[in-house]
$ cat input03.csv   # CSV, C-alpha atoms
chain,number,residue,atom,x,y,z
A,1216,MET,CA,22.5,-9.7,-17.9
A,1217,LYS,CA,19.7,-9.8,-15.2
A,1218,ARG,CA,16.1,-10.1,-16.3
A,1219,VAL,CA,13.5,-7.7,-14.9
A,1220,VAL,CA,9.8,-7.9,-15.7
A,1221,VAL,CA,7.8,-4.7,-15.9
A,1222,LEU,CA,4.1,-5.4,-15.2
A,1223,THR,CA,2.0,-2.4,-16.2
A,1224,THR,CA,-1.4,-1.4,-14.8
A,1225,GLY,CA,-1.9,2.1,-16.2
A,1226,GLY,CA,-1.9,5.3,-14.1
A,1227,THR,CA,-0.5,8.8,-14.8
A,1228,ILE,CA,2.7,7.3,-16.0
A,1229,SER,CA,0.8,5.9,-19.0
A,1230,THR,CA,-1.2,9.0,-19.8
A,1231,ARG,CA,-0.9,11.7,-22.5
A,1232,ASP,CA,-3.1,14.5,-23.7
A,1233,VAL,CA,-3.5,13.7,-27.4
A,1234,ASP,CA,-6.4,16.0,-28.4
A,1235,GLY,CA,-6.5,18.8,-25.8
A,1236,SER,CA,-9.3,17.2,-23.8
A,1237,GLY,CA,-7.1,16.1,-20.9
A,1238,ALA,CA,-4.6,13.3,-20.3
A,1239,LYS,CA,-5.9,9.7,-20.7
A,1240,PRO,CA,-4.1,6.3,-20.7
A,1241,ALA,CA,-2.2,6.1,-24.0
A,1242,LEU,CA,1.3,4.8,-23.4
A,1243,ARG,CA,1.8,1.0,-23.1
A,1244,GLY,CA,4.9,-0.5,-21.5
A,1245,GLN,CA,7.0,-0.7,-24.6
A,1246,ASP,CA,6.1,3.0,-25.4
A,1247,LEU,CA,7.7,4.0,-22.0
A,1248,LEU,CA,10.7,1.7,-22.3
A,1249,LYS,CA,11.8,2.9,-25.8
A,1250,GLU,CA,12.2,6.5,-24.4
A,1251,ILE,CA,14.7,5.4,-21.7
A,1252,PRO,CA,18.3,5.5,-23.0
A,1253,GLY,CA,20.9,3.1,-21.7
A,1254,LEU,CA,18.4,0.6,-20.3
A,1255,GLY,CA,20.0,-2.3,-22.1
A,1256,ALA,CA,23.1,-1.8,-19.9
A,1257,VAL,CA,21.0,-2.2,-16.7
A,1258,ALA,CA,18.8,-5.3,-17.4
A,1259,ASP,CA,17.1,-7.4,-19.9
A,1260,VAL,CA,13.6,-6.0,-19.6
A,1261,GLU,CA,10.4,-8.0,-20.4
A,1262,VAL,CA,7.0,-6.3,-20.4
A,1263,ALA,CA,3.6,-7.7,-19.4
A,1264,GLU,CA,0.3,-5.9,-18.9
A,1265,LEU,CA,-2.3,-6.5,-16.2
A,1266,ALA,CA,-4.5,-3.4,-16.6
A,1267,PHE,CA,-4.7,-0.1,-18.3
A,1268,VAL,CA,-6.6,2.2,-16.0
A,1269,PRO,CA,-6.2,5.3,-13.8
A,1270,GLY,CA,-5.2,4.6,-10.2
A,1271,ALA,CA,-8.6,5.7,-8.9
A,1272,PHE,CA,-10.2,2.9,-10.9
A,1273,MET,CA,-8.2,0.2,-9.2
A,1274,THR,CA,-10.2,-2.6,-7.6
A,1275,LEU,CA,-9.6,-5.2,-5.0
A,1276,GLU,CA,-10.0,-8.0,-7.6
A,1277,THR,CA,-7.4,-6.5,-9.8
A,1278,MET,CA,-5.1,-6.1,-6.8
A,1279,ARG,CA,-5.6,-9.8,-6.0
A,1280,GLN,CA,-4.7,-10.7,-9.6
A,1281,MET,CA,-1.7,-8.5,-9.2
A,1282,SER,CA,-0.5,-10.4,-6.2
A,1283,GLU,CA,-1.0,-13.7,-8.0
A,1284,ARG,CA,0.8,-12.5,-11.1
A,1285,ALA,CA,3.7,-11.1,-9.0
A,1286,ARG,CA,4.1,-14.5,-7.2
A,1287,GLN,CA,4.1,-16.3,-10.6
A,1288,ILE,CA,6.7,-13.9,-12.1
A,1289,VAL,CA,9.2,-13.9,-9.2
A,1290,ALA,CA,9.0,-17.7,-9.0
A,1291,GLN,CA,10.7,-17.9,-12.4
A,1292,PRO,CA,14.4,-18.6,-11.8
A,1293,GLN,CA,15.5,-16.4,-14.7
A,1294,VAL,CA,13.8,-13.3,-13.2
A,1295,ALA,CA,15.9,-11.1,-10.9
A,1296,GLY,CA,13.2,-8.6,-10.0
A,1297,LEU,CA,9.7,-7.2,-10.8
A,1298,VAL,CA,8.6,-3.6,-11.5
A,1299,ILE,CA,4.9,-2.7,-11.4
A,1300,THR,CA,3.8,0.6,-12.8
A,1301,HIS,CA,0.7,2.0,-11.1
A,1302,GLY,CA,-1.5,5.1,-10.7
A,1303,THR,CA,-0.4,7.0,-7.6
A,1304,ASP,CA,-3.9,7.4,-6.2
A,1305,THR,CA,-3.9,3.8,-5.0
A,1306,LEU,CA,-0.3,2.7,-5.5
A,1307,GLU,CA,0.4,2.5,-1.8
A,1308,GLU,CA,-2.5,0.1,-1.2
A,1309,SER,CA,-1.6,-2.3,-4.0
A,1310,ALA,CA,2.1,-2.2,-2.9
A,1311,TYR,CA,1.1,-2.9,0.7
A,1312,LEU,CA,-1.1,-5.8,-0.3
A,1313,LEU,CA,1.9,-7.3,-2.2
A,1314,TYR,CA,4.1,-6.6,0.8
A,1315,LEU,CA,1.7,-8.8,2.9
A,1316,THR,CA,1.1,-11.5,0.3
A,1317,VAL,CA,4.2,-12.0,-1.8
A,1318,ASP,CA,7.0,-14.0,-0.1
A,1319,THR,CA,10.2,-13.5,-2.1
A,1320,GLU,CA,13.8,-12.2,-1.6
A,1321,LYS,CA,13.6,-10.7,-5.1
A,1322,PRO,CA,12.8,-7.0,-5.3
A,1323,VAL,CA,9.2,-6.2,-6.1
A,1324,VAL,CA,9.2,-2.5,-7.0
A,1325,PHE,CA,6.2,-0.1,-7.6
A,1326,THR,CA,6.6,3.1,-9.5
A,1327,GLY,CA,4.5,5.7,-11.2
A,1328,ALA,CA,4.4,9.4,-12.1
A,1329,MET,CA,2.8,12.6,-10.9
A,1330,ARG,CA,3.0,14.4,-14.2
A,1331,ASN,CA,1.6,13.0,-17.5
A,1332,ALA,CA,3.7,12.6,-20.7
A,1333,SER,CA,2.3,15.9,-22.2
A,1334,GLN,CA,3.6,18.0,-19.3
A,1335,ILE,CA,6.9,19.7,-18.9
A,1336,GLY,CA,9.1,17.7,-16.6
A,1337,PHE,CA,7.3,14.3,-17.1
A,1338,ASP,CA,8.8,12.2,-14.3
A,1339,GLY,CA,7.7,8.8,-15.6
A,1340,TYR,CA,10.8,7.9,-17.5
A,1341,ARG,CA,13.2,8.6,-14.7
A,1342,ASN,CA,11.0,6.9,-12.1
A,1343,LEU,CA,10.7,3.8,-14.3
A,1344,TYR,CA,14.4,3.8,-15.0
A,1345,ASP,CA,15.2,4.0,-11.3
A,1346,ALA,CA,12.7,1.3,-10.4
A,1347,ILE,CA,14.3,-1.1,-12.9
A,1348,ARG,CA,17.7,-0.3,-11.5
A,1349,VAL,CA,16.4,-1.1,-8.0
A,1350,ALA,CA,14.7,-4.3,-9.2
A,1351,ALA,CA,18.0,-5.5,-10.8
A,1352,SER,CA,20.1,-4.6,-7.7
A,1353,GLU,CA,21.5,-7.1,-5.2
A,1354,THR,CA,21.2,-4.4,-2.5
A,1355,ALA,CA,17.4,-4.4,-2.8
A,1356,ARG,CA,17.0,-8.1,-2.1
A,1357,GLY,CA,15.1,-9.1,1.0
A,1358,LEU,CA,13.5,-5.7,1.6
A,1359,GLY,CA,9.9,-6.7,0.9
A,1360,THR,CA,7.8,-4.8,-1.6
A,1361,LEU,CA,9.2,-1.3,-2.4
A,1362,VAL,CA,8.0,2.0,-3.8
A,1363,VAL,CA,10.5,4.0,-5.9
A,1364,LEU,CA,9.7,7.5,-7.0
A,1365,ASN,CA,11.5,10.9,-7.0
A,1366,GLU,CA,14.9,9.1,-6.6
A,1367,GLU,CA,13.9,7.5,-3.2
A,1368,ILE,CA,13.4,3.9,-2.1
A,1369,HIS,CA,10.6,3.3,0.4
A,1370,SER,CA,9.1,0.3,2.1
A,1371,ALA,CA,5.5,-0.4,1.1
A,1372,ARG,CA,4.9,-0.9,4.8
A,1373,TRP,CA,5.6,2.7,5.7
A,1374,VAL,CA,5.2,4.8,2.6
A,1375,THR,CA,2.2,7.1,1.9
A,1376,LYS,CA,1.2,9.7,-0.6
A,1377,THR,CA,1.4,13.1,1.2
A,1378,ASN,CA,0.5,15.6,-1.5
A,1379,GLY,CA,-1.9,15.4,-4.4
A,1380,GLN,CA,0.2,17.6,-6.8
A,1381,LYS,CA,3.9,17.5,-6.0
A,1382,GLU,CA,6.5,15.1,-7.4
A,1383,ASP,CA,8.0,14.5,-4.0
A,1384,THR,CA,4.6,13.3,-2.7
A,1385,TYR,CA,5.7,9.8,-1.4
A,1386,GLU,CA,7.1,9.8,2.1
A,1387,SER,CA,7.5,7.5,5.0
A,1388,PRO,CA,6.8,9.8,7.9
A,1389,ALA,CA,7.6,7.3,10.7
A,1390,THR,CA,10.8,6.0,9.3
A,1391,GLY,CA,12.1,7.9,6.3
A,1392,PRO,CA,13.2,6.2,3.1
A,1393,LEU,CA,15.1,2.9,3.0
A,1394,GLY,CA,17.5,4.3,0.4
A,1395,ILE,CA,18.3,6.7,-2.5
A,1396,VAL,CA,18.7,6.1,-6.2
A,1397,TYR,CA,21.8,8.2,-7.1
A,1398,GLY,CA,23.3,8.6,-10.6
A,1399,ASP,CA,25.5,5.6,-10.0
A,1400,GLY,CA,22.7,3.4,-8.8
A,1401,PRO,CA,20.6,2.4,-5.7
A,1402,HIS,CA,22.1,3.0,-2.3
A,1403,VAL,CA,20.2,1.2,0.5
A,1404,PHE,CA,20.8,2.2,4.2
A,1405,GLY,CA,17.8,0.6,5.9
A,1406,ARG,CA,16.3,-2.9,6.2
A,1407,SER,CA,12.8,-4.3,6.4
A,1408,LEU,CA,11.7,-6.4,9.4
A,1409,PRO,CA,10.4,-9.9,9.2
A,1410,ARG,CA,6.6,-10.2,8.4
A,1411,THR,CA,3.9,-12.8,8.2
A,1412,VAL,CA,3.0,-13.5,4.5
A,1413,LEU,CA,-0.6,-14.7,3.8
A,1414,PRO,CA,-2.3,-15.8,0.6
A,1415,PRO,CA,-4.3,-13.0,-1.0
A,1416,ARG,CA,-7.7,-14.2,0.2
A,1417,MET,CA,-9.6,-11.1,1.1
A,1418,GLU,CA,-13.0,-10.5,2.8
A,1419,LYS,CA,-14.4,-7.5,1.0
A,1420,GLN,CA,-17.0,-6.6,3.6
A,1421,VAL,CA,-14.6,-4.4,5.6
A,1422,ASP,CA,-15.4,-0.7,6.1
A,1423,LEU,CA,-13.3,2.3,7.2
A,1424,ILE,CA,-14.7,5.1,9.5
A,1425,ARG,CA,-12.8,8.2,10.5
A,1426,LEU,CA,-13.8,9.9,13.8
A,1427,CYS,CA,-14.2,13.6,14.2
A,1428,VAL,CA,-15.1,15.9,17.0
A,1429,ASP,CA,-18.6,15.2,18.5
A,1430,CYS,CA,-19.4,12.5,15.9
A,1431,ASP,CA,-22.2,10.1,16.5
A,1432,ASP,CA,-22.6,6.4,15.9
A,1433,LYS,CA,-24.7,6.5,12.7
A,1434,PHE,CA,-21.9,5.2,10.4
A,1435,LEU,CA,-21.1,2.4,12.9
A,1436,ARG,CA,-24.7,1.4,13.1
A,1437,CYS,CA,-25.0,1.6,9.3
A,1438,ALA,CA,-22.0,-0.7,8.9
A,1439,ALA,CA,-23.4,-3.3,11.3
A,1440,ASP,CA,-26.9,-3.2,9.7
A,1441,ALA,CA,-25.3,-3.7,6.3
A,1442,GLY,CA,-23.6,-6.9,7.4
A,1443,THR,CA,-20.0,-5.6,7.6
A,1444,ARG,CA,-17.7,-8.3,8.8
A,1445,GLY,CA,-14.8,-6.0,9.8
A,1446,LEU,CA,-14.4,-2.4,10.6
A,1447,VAL,CA,-11.4,-0.1,10.9
A,1448,LEU,CA,-11.9,3.0,13.1
A,1449,GLU,CA,-9.5,5.9,12.7
A,1450,VAL,CA,-9.6,7.1,16.3
A,1451,PHE,CA,-8.2,10.0,18.2
A,1452,GLY,CA,-4.6,10.0,19.3
A,1453,GLY,CA,-3.2,6.8,20.7
A,1454,GLY,CA,-6.5,5.0,20.9
A,1455,ARG,CA,-9.6,7.0,22.0
A,1456,VAL,CA,-13.3,7.0,21.0
A,1457,ASN,CA,-15.9,9.6,22.1
A,1458,PRO,CA,-18.5,8.1,24.4
A,1459,PRO,CA,-21.6,8.2,22.1
A,1460,LEU,CA,-20.0,5.5,19.9
A,1461,LEU,CA,-19.5,3.0,22.7
A,1462,PRO,CA,-23.0,1.3,22.8
A,1463,ALA,CA,-23.0,0.8,19.1
A,1464,LEU,CA,-19.4,-0.5,19.2
A,1465,ASP,CA,-20.3,-3.0,21.9
A,1466,ARG,CA,-23.2,-4.2,19.8
A,1467,ALA,CA,-21.0,-4.6,16.7
A,1468,LEU,CA,-18.4,-6.6,18.7
A,1469,ALA,CA,-21.1,-8.8,20.3
A,1470,GLY,CA,-22.5,-9.5,16.9
A,1471,GLY,CA,-19.2,-10.9,15.7
A,1472,MET,CA,-17.7,-7.9,13.8
A,1473,MET,CA,-14.0,-7.6,14.2
A,1474,VAL,CA,-13.1,-4.0,15.0
A,1475,VAL,CA,-9.6,-2.6,14.5
A,1476,ALA,CA,-8.6,0.8,15.8
A,1477,THR,CA,-5.8,2.9,14.4
A,1478,THR,CA,-4.8,6.6,14.8
A,1479,ARG,CA,-6.2,9.3,12.6
A,1480,CYS,CA,-2.9,11.1,13.1
A,1481,ILE,CA,-0.2,10.9,10.4
A,1482,THR,CA,1.8,8.4,12.5
A,1483,GLY,CA,2.0,7.0,16.0
A,1484,ASN,CA,1.7,3.8,18.0
A,1485,MET,CA,-1.6,2.8,19.6
A,1486,TRP,CA,-1.3,3.3,23.4
A,1487,ASP,CA,-2.3,5.8,26.1
A,1488,MET,CA,-2.2,6.2,29.8
A,1489,TYR,CA,-5.8,7.1,30.4
A,1490,GLY,CA,-8.3,5.2,32.5
A,1491,TYR,CA,-11.6,6.7,31.3
A,1492,GLU,CA,-14.3,5.2,29.1
A,1493,GLY,CA,-13.4,5.0,25.4
A,1494,ALA,CA,-9.6,5.3,26.0
A,1495,PHE,CA,-7.1,2.7,24.9
A,1496,ARG,CA,-7.4,0.3,27.9
A,1497,ASP,CA,-11.1,0.4,27.8
A,1498,LEU,CA,-11.2,-0.3,24.1
A,1499,GLN,CA,-8.8,-3.2,24.6
A,1500,ARG,CA,-11.0,-4.6,27.3
A,1501,ARG,CA,-14.0,-4.4,25.0
A,1502,GLY,CA,-12.2,-6.5,22.4
A,1503,VAL,CA,-10.9,-4.0,19.9
A,1504,VAL,CA,-7.7,-4.9,18.0
A,1505,PHE,CA,-5.1,-2.2,17.4
A,1506,ALA,CA,-3.3,-1.5,14.1
A,1507,HIS,CA,0.0,0.1,15.3
A,1508,GLU,CA,1.4,2.8,13.0
A,1509,LEU,CA,-0.9,1.8,10.1
A,1510,PRO,CA,-3.0,4.4,8.3
A,1511,GLY,CA,-6.7,3.4,8.0
A,1512,HIS,CA,-6.6,2.4,4.3
A,1513,LYS,CA,-3.7,0.0,4.9
A,1514,ALA,CA,-5.3,-1.4,8.1
A,1515,ARG,CA,-8.4,-2.1,6.1
A,1516,LEU,CA,-6.4,-4.3,3.6
A,1517,LYS,CA,-4.7,-6.1,6.5
A,1518,LEU,CA,-8.1,-6.8,8.2
A,1519,MET,CA,-9.4,-8.1,4.8
A,1520,LEU,CA,-6.6,-10.6,4.9
A,1521,VAL,CA,-7.2,-11.5,8.5
A,1522,LEU,CA,-10.9,-12.3,7.8
A,1523,GLY,CA,-10.2,-13.9,4.4
A,1524,ASN,CA,-7.7,-16.3,5.9
A,1525,GLY,CA,-9.8,-17.1,9.0
A,1526,LEU,CA,-7.6,-15.6,11.7
A,1527,SER,CA,-9.0,-15.4,15.2
A,1528,ARG,CA,-9.2,-12.2,17.1
A,1529,ALA,CA,-6.1,-13.2,19.2
A,1530,GLN,CA,-4.2,-14.1,16.0
A,1531,ALA,CA,-5.3,-10.8,14.4
A,1532,GLY,CA,-3.9,-8.9,17.4
A,1533,GLU,CA,-0.5,-10.6,16.9
A,1534,TYR,CA,-0.6,-10.0,13.2
A,1535,PHE,CA,-1.4,-6.3,13.6
A,1536,ALA,CA,1.3,-6.0,16.2
A,1537,GLU,CA,4.0,-6.8,13.6
A,1538,THR,CA,5.7,-3.5,12.9

$ encode --input "input03.csv" --output "structure tokens"
Amino acid sequence: MKRVVVLTTGGTISTRDVDGSGAKPALRGQDLLKEIPGLGAVADVEVAELAFVPGAFMTLETMRQMSERARQIVAQPQVAGLVITHGTDTLEESAYLLYLTVDTEKPVVFTGAMRNASQIGFDGYRNLYDAIRVAASETARGLGTLVVLNEEIHSARWVTKTNGQKEDTYESPATGPLGIVYGDGPHVFGRSLPRTVLPPRMEKQVDLIRLCVDCDDKFLRCAADAGTRGLVLEVFGGGRVNPPLLPALDRALAGGMMVVATTRCITGNMWDMYGYEGAFRDLQRRGVVFAHELPGHKARLKLMLVLGNGLSRAQAGEYFAET
């Protein structure tokens, strides 16, 4: 029988309304597992706990500890796979960090719930059951960190939360899911590409700014004045910034700040055909690095690893170019 470790961190999957005041963390790992029939036929499941907080309370330090614990767990020869339960507000960020920092062929699978255990149709038990089946499956090996909810298997590289209320919130807009968890088990029809895996050393002084029509440079100037070491700009389209930001951008770059641009669109590569100031080629000439197909919150995590591991601007460009 394969052994799967379930590492819990809290989130909606752990919550229940016990007194009418609203759902709060109440269910530990064993509380969840005892409600899943037939689990013993799937795997020998071991439970460990890292945190017991809502997803919105997650911190970079806890995520770093999560990466370290995950690497320790999957290094054990008797462990076939790892499941991490997590609040959905920040699940994709933790999952992406582990995608970037945990080098293993064994499945590392994140799951959670959109409904709490007091609601009709609580999805936590099914999602956890599916995640354990994926973690125990040979077909899920070598895929990198995964996210399993709503009977779908997604790569942590591509997945994002698309709706704050619905159970089918997790989607991979650019690629679609890697597989489906049917009644008879996981079926995988996609593969993950090779990636650079770095230690979870993160520079926390990294900010994220989203551009909007006719915006000025005050947030960029504020970041520079505060000593920000790295900055992610969610820019227009395939890589465009409105002209009022350019002088402050140049000053930030000249001062040693690493600036990464990604699209504020749902998906899309960074490139355009324009020759005017502030467009892709101009930003490239100024020294901006491009985060292809990455949403801003994931690009921020990757930039934290870039700076924390001492990568040069040229190395950062190659690292972000990995799709």

$ residues_around --input "input03.csv" --residues "Tyr1311 of chain A" --least-positions-apart "6" --cutoff "12 Å" --atoms "only C-alpha atoms" --output "ChimeraX atom specification"
/A:1278-1279,1281-1282,1305,1317,1323-1325,1359-1362,1369-1375,1410,1412,1415,1509-1510,1512-1517,1520

$ atom_distance --input "input03.csv" --atom1 "atom CA of Ile1228 of chain A" --atom2 "atom CA of His1402 of chain A"
24.1 Å

$ residues_around --input "input03.csv" --residues "Ser1333 of chain A" --least-positions-apart "6" --cutoff "10 Å" --atoms "only C-alpha atoms" --output "list in words"
Thr1230, Arg1231, Asp1232, Val1233, Gly1235, Gly1237 and Ala1238 of chain A

$ atom_distance --input "input03.csv" --atom1 "atom CA of Thr1326 of chain A" --atom2 "atom CA of His1507 of chain A"
25.8 Å

$ atom_distance --input "input03.csv" --atom1 "atom CA of Leu1393 of chain A" --atom2 "atom CA of Gly1339 of chain A"
20.9 Å

$ closest_residue --input "input03.csv" --among "A:Ala1263, A:Ala1256, A:Val1504, A:Ala1295" --to "Leu1448 of chain A" --atoms "all atoms listed in the file"
A:Val1504

$ residues_around --input "input03.csv" --residues "Ala1441 of chain A" --least-positions-apart "2" --cutoff "12 Å" --atoms "only C-alpha atoms" --output "VMD selection string"
chain A and resid 1420 to 1422 1434 to 1439 1443 to 1446 1467 1472

$ axis_aligned_box --input "input03.csv" --around "segment 1364-1367 of chain A" --padding-each-side "6 Å" --output "JSON"
{"center_x": 12.3, "center_y": 9.2, "center_z": -5.1, "size_x": 17.2, "size_y": 15.4, "size_z": 15.8}

$ build_atoms --input "input03.csv" --residues "segment 1470-1498 of chain A" --atoms "N, CA and C atoms" --output "mmCIF file, in the frame of the given file"
data_model
loop_
_atom_site.group_PDB
_atom_site.id
_atom_site.type_symbol
_atom_site.label_atom_id
_atom_site.label_comp_id
_atom_site.auth_asym_id
_atom_site.auth_seq_id
_atom_site.Cartn_x
_atom_site.Cartn_y
_atom_site.Cartn_z
ATOM 1 N N GLY A 1470 -21.927 -8.859 18.056
ATOM 2 C CA GLY A 1470 -22.500 -9.500 16.900
ATOM 3 C C GLY A 1470 -21.476 -10.205 16.010
ATOM 4 N N GLY A 1471 -20.209 -10.197 16.423
ATOM 5 C CA GLY A 1471 -19.200 -10.900 15.700
ATOM 6 C C GLY A 1471 -18.331 -10.075 14.762
ATOM 7 N N MET A 1472 -18.573 -8.771 14.684
ATOM 8 C CA MET A 1472 -17.700 -7.900 13.800
ATOM 9 C C MET A 1472 -16.360 -7.770 14.482
ATOM 10 N N MET A 1473 -15.310 -7.868 13.658
ATOM 11 C CA MET A 1473 -14.000 -7.600 14.200
ATOM 12 C C MET A 1473 -13.694 -6.101 13.941
ATOM 13 N N VAL A 1474 -13.335 -5.419 15.019
ATOM 14 C CA VAL A 1474 -13.100 -4.000 15.000
ATOM 15 C C VAL A 1474 -11.634 -3.705 15.239
ATOM 16 N N VAL A 1475 -11.021 -2.942 14.346
ATOM 17 C CA VAL A 1475 -9.600 -2.600 14.500
ATOM 18 C C VAL A 1475 -9.525 -1.055 14.594
ATOM 19 N N ALA A 1476 -8.755 -0.594 15.552
ATOM 20 C CA ALA A 1476 -8.600 0.800 15.800
ATOM 21 C C ALA A 1476 -7.164 1.243 15.360
ATOM 22 N N THR A 1477 -7.057 2.352 14.657
ATOM 23 C CA THR A 1477 -5.800 2.900 14.400
ATOM 24 C C THR A 1477 -5.888 4.446 14.518
ATOM 25 N N THR A 1478 -4.765 5.127 14.578
ATOM 26 C CA THR A 1478 -4.800 6.600 14.800
ATOM 27 C C THR A 1478 -5.180 7.341 13.568
ATOM 28 N N ARG A 1479 -5.921 8.420 13.737
ATOM 29 C CA ARG A 1479 -6.200 9.300 12.600
ATOM 30 C C ARG A 1479 -5.054 10.282 12.384
ATOM 31 N N CYS A 1480 -4.060 10.243 13.265
ATOM 32 C CA CYS A 1480 -2.900 11.100 13.100
ATOM 33 C C CYS A 1480 -2.011 10.534 11.949
ATOM 34 N N ILE A 1481 -1.045 11.301 11.513
ATOM 35 C CA ILE A 1481 -0.200 10.900 10.400
ATOM 36 C C ILE A 1481 0.593 9.622 10.773
ATOM 37 N N THR A 1482 1.049 9.544 12.018
ATOM 38 C CA THR A 1482 1.800 8.400 12.500
ATOM 39 C C THR A 1482 1.648 8.290 13.998
ATOM 40 N N GLY A 1483 2.061 7.172 14.550
ATOM 41 C CA GLY A 1483 2.000 7.000 16.000
ATOM 42 C C GLY A 1483 1.506 5.667 16.432
ATOM 43 N N ASN A 1484 2.110 5.100 17.471
ATOM 44 C CA ASN A 1484 1.700 3.800 18.000
ATOM 45 C C ASN A 1484 0.399 3.935 18.766
ATOM 46 N N MET A 1485 -0.285 2.809 18.912
ATOM 47 C CA MET A 1485 -1.600 2.800 19.600
ATOM 48 C C MET A 1485 -1.284 2.461 21.112
ATOM 49 N N TRP A 1486 -1.472 3.443 21.968
ATOM 50 C CA TRP A 1486 -1.300 3.300 23.400
ATOM 51 C C TRP A 1486 -1.602 4.630 24.058
ATOM 52 N N ASP A 1487 -2.201 4.611 25.253
ATOM 53 C CA ASP A 1487 -2.300 5.800 26.100
ATOM 54 C C ASP A 1487 -2.317 5.451 27.537
ATOM 55 N N MET A 1488 -2.263 6.460 28.388
ATOM 56 C CA MET A 1488 -2.200 6.200 29.800
ATOM 57 C C MET A 1488 -3.474 6.444 30.564
ATOM 58 N N TYR A 1489 -4.562 6.653 29.822
ATOM 59 C CA TYR A 1489 -5.800 7.100 30.400
ATOM 60 C C TYR A 1489 -6.641 5.928 30.956
ATOM 61 N N GLY A 1490 -7.479 6.223 31.936
ATOM 62 C CA GLY A 1490 -8.300 5.200 32.500
ATOM 63 C C GLY A 1490 -9.803 5.429 32.344
ATOM 64 N N TYR A 1491 -10.176 6.390 31.512
ATOM 65 C CA TYR A 1491 -11.600 6.700 31.300
ATOM 66 C C TYR A 1491 -12.204 5.886 30.198
ATOM 67 N N GLU A 1492 -13.540 5.890 30.126
ATOM 68 C CA GLU A 1492 -14.300 5.200 29.100
ATOM 69 C C GLU A 1492 -13.890 5.652 27.706
ATOM 70 N N GLY A 1493 -13.693 4.697 26.807
ATOM 71 C CA GLY A 1493 -13.400 5.000 25.400
ATOM 72 C C GLY A 1493 -11.916 5.217 25.143
ATOM 73 N N ALA A 1494 -11.059 5.184 26.181
ATOM 74 C CA ALA A 1494 -9.600 5.300 26.000
ATOM 75 C C ALA A 1494 -9.023 3.929 25.653
ATOM 76 N N PHE A 1495 -7.727 3.884 25.401
ATOM 77 C CA PHE A 1495 -7.100 2.700 24.900
ATOM 78 C C PHE A 1495 -7.363 1.439 25.729
ATOM 79 N N ARG A 1496 -7.167 1.530 27.055
ATOM 80 C CA ARG A 1496 -7.400 0.300 27.900
ATOM 81 C C ARG A 1496 -8.804 -0.140 27.863
ATOM 82 N N ASP A 1497 -9.723 0.799 27.819
ATOM 83 C CA ASP A 1497 -11.100 0.400 27.800
ATOM 84 C C ASP A 1497 -11.487 -0.230 26.457
ATOM 85 N N LEU A 1498 -10.972 0.293 25.348
ATOM 86 C CA LEU A 1498 -11.200 -0.300 24.100
ATOM 87 C C LEU A 1498 -10.603 -1.727 23.998
#
